[in-house]
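Here's run-v8.txt, which has compact mmCIF, C-alpha atoms and all ligand atoms:
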```txt
# COMPACT_ATOMS: atom_id res chain seq x y z
CA MET A 1 94.08 123.30 90.34
CA ALA A 2 92.13 120.98 92.62
CA ASN A 3 93.43 122.35 95.90
CA GLN A 4 93.32 126.06 95.15
CA ASN A 5 91.51 126.75 98.43
CA ARG A 6 94.26 125.17 100.51
CA ILE A 7 96.74 126.97 102.75
CA PRO A 8 99.39 128.97 100.80
CA ILE A 9 102.75 127.24 100.23
CA PRO A 10 104.83 129.75 102.31
CA THR A 11 102.55 129.09 105.30
CA LEU A 12 102.76 125.33 104.74
CA THR A 13 106.56 125.62 104.59
CA ARG A 14 106.54 127.35 107.99
CA PHE A 15 104.17 124.72 109.40
CA ALA A 16 106.44 121.94 108.12
CA ASN A 17 109.42 123.58 109.87
CA LEU A 18 107.46 124.03 113.07
CA TYR A 19 106.27 120.42 112.91
CA ARG A 20 109.86 119.14 112.69
CA VAL A 21 110.91 121.21 115.70
CA LEU A 22 107.83 120.19 117.69
CA GLN A 23 108.52 116.54 116.90
CA GLU A 24 112.08 116.87 118.23
CA ALA A 25 110.88 118.79 121.31
CA GLU A 26 108.24 116.18 122.08
CA ALA A 27 110.83 113.39 121.74
CA GLU A 28 113.02 115.27 124.23
CA GLY A 29 110.15 115.57 126.69
CA VAL A 30 109.70 119.34 126.29
CA GLU A 31 106.14 120.24 127.28
CA HIS A 32 105.85 123.89 126.33
CA LEU A 33 107.54 126.26 123.87
CA ASN A 34 106.80 129.96 123.46
CA SER A 35 107.02 131.89 120.20
CA ALA A 36 110.49 133.28 121.06
CA GLN A 37 111.81 129.76 121.65
CA LEU A 38 110.19 128.58 118.41
CA GLU A 39 111.85 131.51 116.62
CA ALA A 40 115.25 130.44 117.94
CA LEU A 41 114.64 126.86 116.76
CA THR A 42 113.22 127.66 113.31
CA SER A 43 114.37 131.20 112.42
CA ILE A 44 110.73 132.05 111.69
CA SER A 45 110.01 135.33 113.49
CA ALA A 46 108.06 135.09 116.74
CA SER A 47 105.45 137.53 115.42
CA GLN A 48 104.94 135.44 112.27
CA ILE A 49 104.60 132.31 114.40
CA ARG A 50 101.99 133.98 116.61
CA LYS A 51 100.11 135.16 113.51
CA ASP A 52 100.16 131.73 111.83
CA LEU A 53 99.13 129.91 114.97
CA SER A 54 96.38 132.36 115.89
CA MET A 55 94.86 131.66 112.45
CA LEU A 56 94.57 128.06 113.62
CA GLY A 57 92.91 129.20 116.80
CA GLU A 58 96.01 128.15 118.73
CA MET A 59 96.76 130.62 121.51
CA GLY A 60 99.87 130.26 123.57
CA ARG A 61 99.37 130.88 127.27
CA PRO A 62 101.21 134.00 128.50
CA GLY A 63 104.31 133.00 130.44
CA VAL A 64 103.89 129.34 129.46
CA GLY A 65 103.76 129.18 125.66
CA TYR A 66 102.22 126.57 123.41
CA LYS A 67 101.65 123.00 124.53
CA VAL A 68 104.07 121.02 122.37
CA ASN A 69 102.08 117.81 121.94
CA LEU A 70 98.79 119.57 121.17
CA LEU A 71 100.39 121.98 118.70
CA LYS A 72 102.24 119.15 117.00
CA LYS A 73 98.98 117.22 116.67
CA ARG A 74 97.16 120.23 115.25
CA ILE A 75 99.85 121.07 112.68
CA GLY A 76 100.31 117.39 111.84
CA SER A 77 96.62 117.13 111.05
CA ILE A 78 96.76 120.20 108.78
CA LEU A 79 99.82 118.88 106.96
CA ARG A 80 98.18 115.41 106.94
CA VAL A 81 101.41 113.84 108.09
CA ASP A 82 99.48 112.12 110.88
CA ARG A 83 98.29 109.38 108.51
CA GLY A 84 99.87 106.83 106.16
CA HIS A 85 100.93 107.90 102.66
CA PRO A 86 102.20 105.03 100.49
CA TYR A 87 104.53 106.30 97.78
CA ALA A 88 106.47 104.95 94.82
CA LEU A 89 110.03 105.73 93.78
CA VAL A 90 110.87 105.87 90.08
CA GLY A 91 114.57 105.57 89.24
CA ALA A 92 116.61 103.35 91.57
CA GLY A 93 119.94 105.07 90.90
CA GLN A 94 122.22 106.91 93.31
CA LEU A 95 119.72 109.54 94.43
CA GLY A 96 116.74 107.19 94.35
CA ARG A 97 118.47 104.67 96.61
CA ALA A 98 119.58 107.40 99.02
CA ILE A 99 115.95 108.48 99.35
CA ALA A 100 114.73 104.88 99.68
CA ASN A 101 117.28 104.24 102.43
CA TYR A 102 116.50 107.40 104.42
CA PRO A 103 114.20 106.50 107.33
CA GLY A 104 113.10 110.07 108.16
CA PHE A 105 110.22 110.28 105.67
CA GLU A 106 108.29 107.68 107.64
CA ASP A 107 108.11 110.15 110.54
CA TYR A 108 105.86 112.15 108.22
CA GLY A 109 103.75 109.12 107.30
CA PHE A 110 105.42 108.57 103.91
CA LYS A 111 106.03 104.87 103.42
CA LEU A 112 107.85 103.52 100.38
CA LYS A 113 105.71 100.79 98.78
CA ALA A 114 107.05 100.35 95.22
CA ILE A 115 110.22 101.02 93.24
CA PHE A 116 110.49 101.12 89.45
CA ASP A 117 113.45 101.24 87.10
CA SER A 118 113.98 100.78 83.37
CA ASP A 119 117.32 98.97 83.77
CA ARG A 120 116.72 95.22 83.42
CA GLU A 121 119.82 94.55 85.55
CA LYS A 122 118.18 96.37 88.45
CA VAL A 123 114.71 94.84 88.11
CA GLY A 124 114.29 92.22 90.84
CA GLN A 125 116.96 93.72 93.12
CA ILE A 126 115.72 94.39 96.65
CA VAL A 127 115.96 97.85 98.20
CA GLN A 128 114.58 98.32 101.72
CA GLY A 129 112.75 95.00 101.36
CA ILE A 130 111.06 96.10 98.14
CA PRO A 131 111.75 94.36 94.82
CA ILE A 132 112.50 96.80 91.99
CA GLU A 133 109.84 96.45 89.28
CA SER A 134 110.16 97.19 85.59
CA ASN A 135 108.94 100.63 84.55
CA GLU A 136 106.80 98.85 81.94
CA ASP A 137 104.63 97.51 84.78
CA MET A 138 104.28 100.90 86.43
CA PRO A 139 100.66 101.95 85.68
CA SER A 140 99.10 98.58 86.51
CA SER A 141 101.24 98.06 89.60
CA LEU A 142 100.47 101.56 90.92
CA LEU A 143 96.76 101.07 90.39
CA GLN A 144 96.86 97.67 92.03
CA LYS A 145 98.71 99.06 95.08
CA SER A 146 96.55 102.23 95.21
CA ILE A 147 99.65 104.45 95.21
CA ARG A 148 98.93 108.12 94.44
CA ILE A 149 102.26 109.72 95.41
CA ALA A 150 105.62 109.32 93.67
CA VAL A 151 109.20 110.48 93.95
CA LEU A 152 110.89 110.91 90.57
CA THR A 153 114.66 110.36 90.38
CA VAL A 154 115.21 109.45 86.72
CA PRO A 155 117.50 111.27 84.26
CA ARG A 156 116.07 114.49 82.82
CA ASN A 157 115.39 113.01 79.38
CA ALA A 158 113.31 110.17 80.88
CA ALA A 159 111.33 112.33 83.29
CA GLN A 160 108.30 113.26 81.15
CA ASP A 161 107.72 109.68 79.94
CA ALA A 162 107.98 108.40 83.52
CA THR A 163 105.57 111.14 84.63
CA ASP A 164 103.04 110.17 81.95
CA GLN A 165 103.20 106.58 83.19
CA LEU A 166 102.76 107.71 86.77
CA VAL A 167 99.69 109.73 85.83
CA ALA A 168 98.31 106.75 83.88
CA GLY A 169 98.76 104.74 87.07
CA GLY A 170 96.67 107.20 89.09
CA VAL A 171 99.48 109.20 90.71
CA ARG A 172 98.49 112.78 91.51
CA TRP A 173 101.30 114.09 93.69
CA ILE A 174 104.92 114.01 92.51
CA LEU A 175 108.14 115.05 94.23
CA ASN A 176 110.39 115.71 91.24
CA PHE A 177 114.18 115.70 91.45
CA ALA A 178 114.83 115.54 87.69
CA PRO A 179 115.99 118.98 86.53
CA THR A 180 113.13 119.65 84.15
CA HIS A 181 109.65 121.11 84.15
CA LEU A 182 107.03 118.35 84.04
CA LYS A 183 103.70 118.65 82.27
CA VAL A 184 100.85 117.13 84.28
CA PRO A 185 97.04 117.34 84.24
CA ASP A 186 95.41 120.09 86.31
CA ASN A 187 94.47 117.72 89.12
CA CYS A 188 98.13 116.77 89.75
CA ILE A 189 100.67 118.59 91.87
CA VAL A 190 104.41 118.53 91.22
CA ARG A 191 106.87 119.82 93.78
CA ASP A 192 110.32 120.35 92.26
CA VAL A 193 113.32 119.81 94.50
CA PHE A 194 116.36 121.33 92.83
CA LEU A 195 119.54 121.71 94.87
CA THR A 196 121.66 123.31 92.16
CA PRO A 197 119.94 126.73 92.31
CA GLU A 198 120.56 126.68 96.06
CA PHE A 199 124.29 126.32 95.38
CA ALA A 200 124.05 129.24 92.93
CA ILE A 201 122.35 131.41 95.55
CA LEU A 202 124.99 130.45 98.12
CA GLY A 203 127.63 131.26 95.52
CA HIS A 204 126.24 134.80 95.19
CA PHE A 205 126.88 135.43 98.90
CA THR A 206 130.46 134.17 98.90
CA GLU A 207 133.33 136.63 99.04
CA ASP A 208 136.73 136.52 97.35
P1 LIG B 1 121.40 107.60 88.22
O1 LIG B 1 121.81 107.45 86.80
O2 LIG B 1 122.26 107.02 89.29
O3 LIG B 1 119.91 106.97 88.40
C1 LIG B 1 118.88 107.14 87.47
C2 LIG B 1 118.07 105.85 87.47
O4 LIG B 1 116.89 106.05 86.68
C3 LIG B 1 118.81 104.67 86.84
O5 LIG B 1 118.73 103.54 87.72
C4 LIG B 1 118.07 104.42 85.53
O6 LIG B 1 118.10 103.06 85.14
C5 LIG B 1 116.68 104.87 85.90
N1 LIG B 1 115.81 105.21 84.77
C6 LIG B 1 116.15 105.80 83.60
N2 LIG B 1 115.04 105.96 82.84
C7 LIG B 1 114.00 105.47 83.55
C8 LIG B 1 112.60 105.34 83.31
N3 LIG B 1 112.05 105.82 82.19
N4 LIG B 1 111.83 104.77 84.24
C9 LIG B 1 112.37 104.31 85.39
N5 LIG B 1 113.70 104.38 85.69
C10 LIG B 1 114.50 104.98 84.78
O7 LIG B 1 121.19 109.15 88.44
P2 LIG B 1 121.13 109.95 89.86
O8 LIG B 1 122.46 110.50 90.15
O9 LIG B 1 120.46 109.11 90.88
O10 LIG B 1 120.19 111.18 89.47
C11 LIG B 1 118.83 110.94 89.20
C12 LIG B 1 118.13 112.22 88.77
O11 LIG B 1 118.16 113.14 89.87
C13 LIG B 1 118.78 112.95 87.60
O12 LIG B 1 117.77 113.56 86.83
C14 LIG B 1 119.64 114.01 88.28
O13 LIG B 1 119.86 115.13 87.45
C15 LIG B 1 118.74 114.35 89.43
N6 LIG B 1 119.40 114.96 90.58
C16 LIG B 1 118.77 116.01 91.11
C17 LIG B 1 119.26 116.63 92.23
C18 LIG B 1 118.47 117.78 92.75
O14 LIG B 1 118.97 118.57 93.50
N7 LIG B 1 117.21 117.89 92.37
C19 LIG B 1 120.43 116.18 92.83
C20 LIG B 1 121.07 115.06 92.28
C21 LIG B 1 120.53 114.46 91.15
```
Please express what this file holds, its structure, as structure tokens.
Amino acid sequence: MANQNRIPIPTLTRFANLYRVLQEAEAEGVEHLNSAQLEALTSISASQIRKDLSMLGEMGRPGVGYKVNLLKKRIGSILRVDRGHPYALVGAGQLGRAIANYPGFEDYGFKLKAIFDSDREKVGQIVQGIPIESNEDMPSSLLQKSIRIAVLTVPRNAAQDATDQLVAGGVRWILNFAPTHLKVPDNCIVRDVFLTPEFAILGHFTED
């Protein structure tokens, strides 16, 4: 895989959580947070936070903590959410539209630039100012718009075909919501987002 020397996913997950909290703190005018306060806000242990941040060379000052804006900048640069990431959405159904209409992804630099659907009735409709394009135009449109990231919200049985078209259009990073395992070339990364197993895990903890 192309990015095998990158930071491990569990660490990135913790950084992403810290980034969200730091963003909120900065917006509220908080200047410093120590590891105990970050633990309370993220549920990541204070010792783990200190370990992760010391690996970045970030040392909190005793009695003061970490400087919120500097730490946010540093983590944002590692996560690369401090720059623009145009992305495409494939499948303008219920879930796809909910994602398209959610403004929060722009805080992380992810900007919706194209929407594709196979339903001729939907092609031409406008979502968030973007006209839905036919999935037949996907590879050429993606290449023309230089889009390398996609969110996949098509039915399971359409997911692999849509993925092949995305890859043909130069997409290398896919956030997949379709409940299926996608086959992609080695230089592509797929992150699956499946809520149903989370319900199952929650179910395990429930009591009669
Ligand atoms: P939906 O039927 O409302 O929307 C699917 C859309 O995909 C439709 O507009 C359809 O025309 C379009 N489509 C079908 N084939 C296509 C293709 N080849 N190219 C482009 N567009 C195509 O369905 P939904 O409720 O929005 O769910 C979408 C997907 O997300 C499903 O696979 C569903 O199982 C999944 N889902 C996942 C989670 C999760 O937790 N990961 C949660 C809800 C739904």
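Considering the residues A:Ala168, A:Leu33, A:Ala150, A:Leu95 and counting only C-alpha atoms and all ligand atoms, ligand LIG 1 (chain B) has its shortest atom-to-atom contact with A:Leu95.
A straight line drawn from CA of Leu166 in chain A to atom O5 of ligand LIG 1 (chain B) is 16.5 Å long.
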- Message: Just want the residues within 8 Å of ligand LIG 1 (chain B), written as a PyMOL selection string, counting all atoms listed in the file.
- Response: chain A and resi 90-97+116-119+122+134-135+152-159+161-162+176-179+192-196
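Interatomic distance, CA of Lys72 in chain A to CA of Leu18 in chain A: 8.2 Å.
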- Message: What's around Ser77 in chain A at 12 Å? Count all atoms listed in the file, leave out sequence neighbours fewer than 4 positions away in its own chain, and write the answer as a count of residues only.
- Response: 14
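Across the model, the gap from CA of Thr11 in chain A to CA of Arg172 in chain A is 21.7 Å.
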- Go ahead and find all residues with at least one atom no further than 12 Å from (96.4, 127.1, 120.1) in the file's coordinates, using all atoms listed in the file; report them as a PyMOL selection string. chain A and resi 32-35+49-62+65-75
Take the residues that were just selected and, keeping C-alpha atoms, output them as an mmCIF file, in the frame of the given file.
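Once written, selection07.cif looks like this:
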```
data_model
loop_
_atom_site.group_PDB
_atom_site.id
_atom_site.type_symbol
_atom_site.label_atom_id
_atom_site.label_comp_id
_atom_site.auth_asym_id
_atom_site.auth_seq_id
_atom_site.Cartn_x
_atom_site.Cartn_y
_atom_site.Cartn_z
ATOM 1 C CA HIS A 32 105.850 123.890 126.330
ATOM 2 C CA LEU A 33 107.540 126.260 123.870
ATOM 3 C CA ASN A 34 106.800 129.960 123.460
ATOM 4 C CA SER A 35 107.020 131.890 120.200
ATOM 5 C CA ILE A 49 104.600 132.310 114.400
ATOM 6 C CA ARG A 50 101.990 133.980 116.610
ATOM 7 C CA LYS A 51 100.110 135.160 113.510
ATOM 8 C CA ASP A 52 100.160 131.730 111.830
ATOM 9 C CA LEU A 53 99.130 129.910 114.970
ATOM 10 C CA SER A 54 96.380 132.360 115.890
ATOM 11 C CA MET A 55 94.860 131.660 112.450
ATOM 12 C CA LEU A 56 94.570 128.060 113.620
ATOM 13 C CA GLY A 57 92.910 129.200 116.800
ATOM 14 C CA GLU A 58 96.010 128.150 118.730
ATOM 15 C CA MET A 59 96.760 130.620 121.510
ATOM 16 C CA GLY A 60 99.870 130.260 123.570
ATOM 17 C CA ARG A 61 99.370 130.880 127.270
ATOM 18 C CA PRO A 62 101.210 134.000 128.500
ATOM 19 C CA GLY A 65 103.760 129.180 125.660
ATOM 20 C CA TYR A 66 102.220 126.570 123.410
ATOM 21 C CA LYS A 67 101.650 123.000 124.530
ATOM 22 C CA VAL A 68 104.070 121.020 122.370
ATOM 23 C CA ASN A 69 102.080 117.810 121.940
ATOM 24 C CA LEU A 70 98.790 119.570 121.170
ATOM 25 C CA LEU A 71 100.390 121.980 118.700
ATOM 26 C CA LYS A 72 102.240 119.150 117.000
ATOM 27 C CA LYS A 73 98.980 117.220 116.670
ATOM 28 C CA ARG A 74 97.160 120.230 115.250
ATOM 29 C CA ILE A 75 99.850 121.070 112.680
#
```
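Environment of (102.7, 117.7, 83.1): residues at most 10 Å away, judged by all atoms listed in the file, are Gln160, Asp161, Thr163, Asp164, Val167, His181, Leu182, Lys183, Val184, Pro185, Asp186, Cys188, Ile189 and Val190 of chain A.
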- Item | Residues near Ile132 in chain A, cut-off 6 Å, only C-alpha atoms, skip fewer than 6 positions along chain, as a ChimeraX atom specification | /A:115-116,123-125
Filtering to C-alpha atoms, could you give me those residues as a CSV table (one decimal), in the frame of the given file?
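Output below, filename result-v3.csv:
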```
chain,number,residue,atom,x,y,z
A,115,ILE,CA,110.2,101.0,93.2
A,116,PHE,CA,110.5,101.1,89.4
A,123,VAL,CA,114.7,94.8,88.1
A,124,GLY,CA,114.3,92.2,90.8
A,125,GLN,CA,117.0,93.7,93.1
```
With 3 Å of padding per side, what axis-aligned box (centre and edge lengths, Å, one decimal) covers all the listed atoms of range 57-60 of chain A? Give it as AutoDock Vina command-line options.
```
--center_x 96.4 --center_y 129.4 --center_z 120.2 --size_x 13.0 --size_y 8.5 --size_z 12.8
```
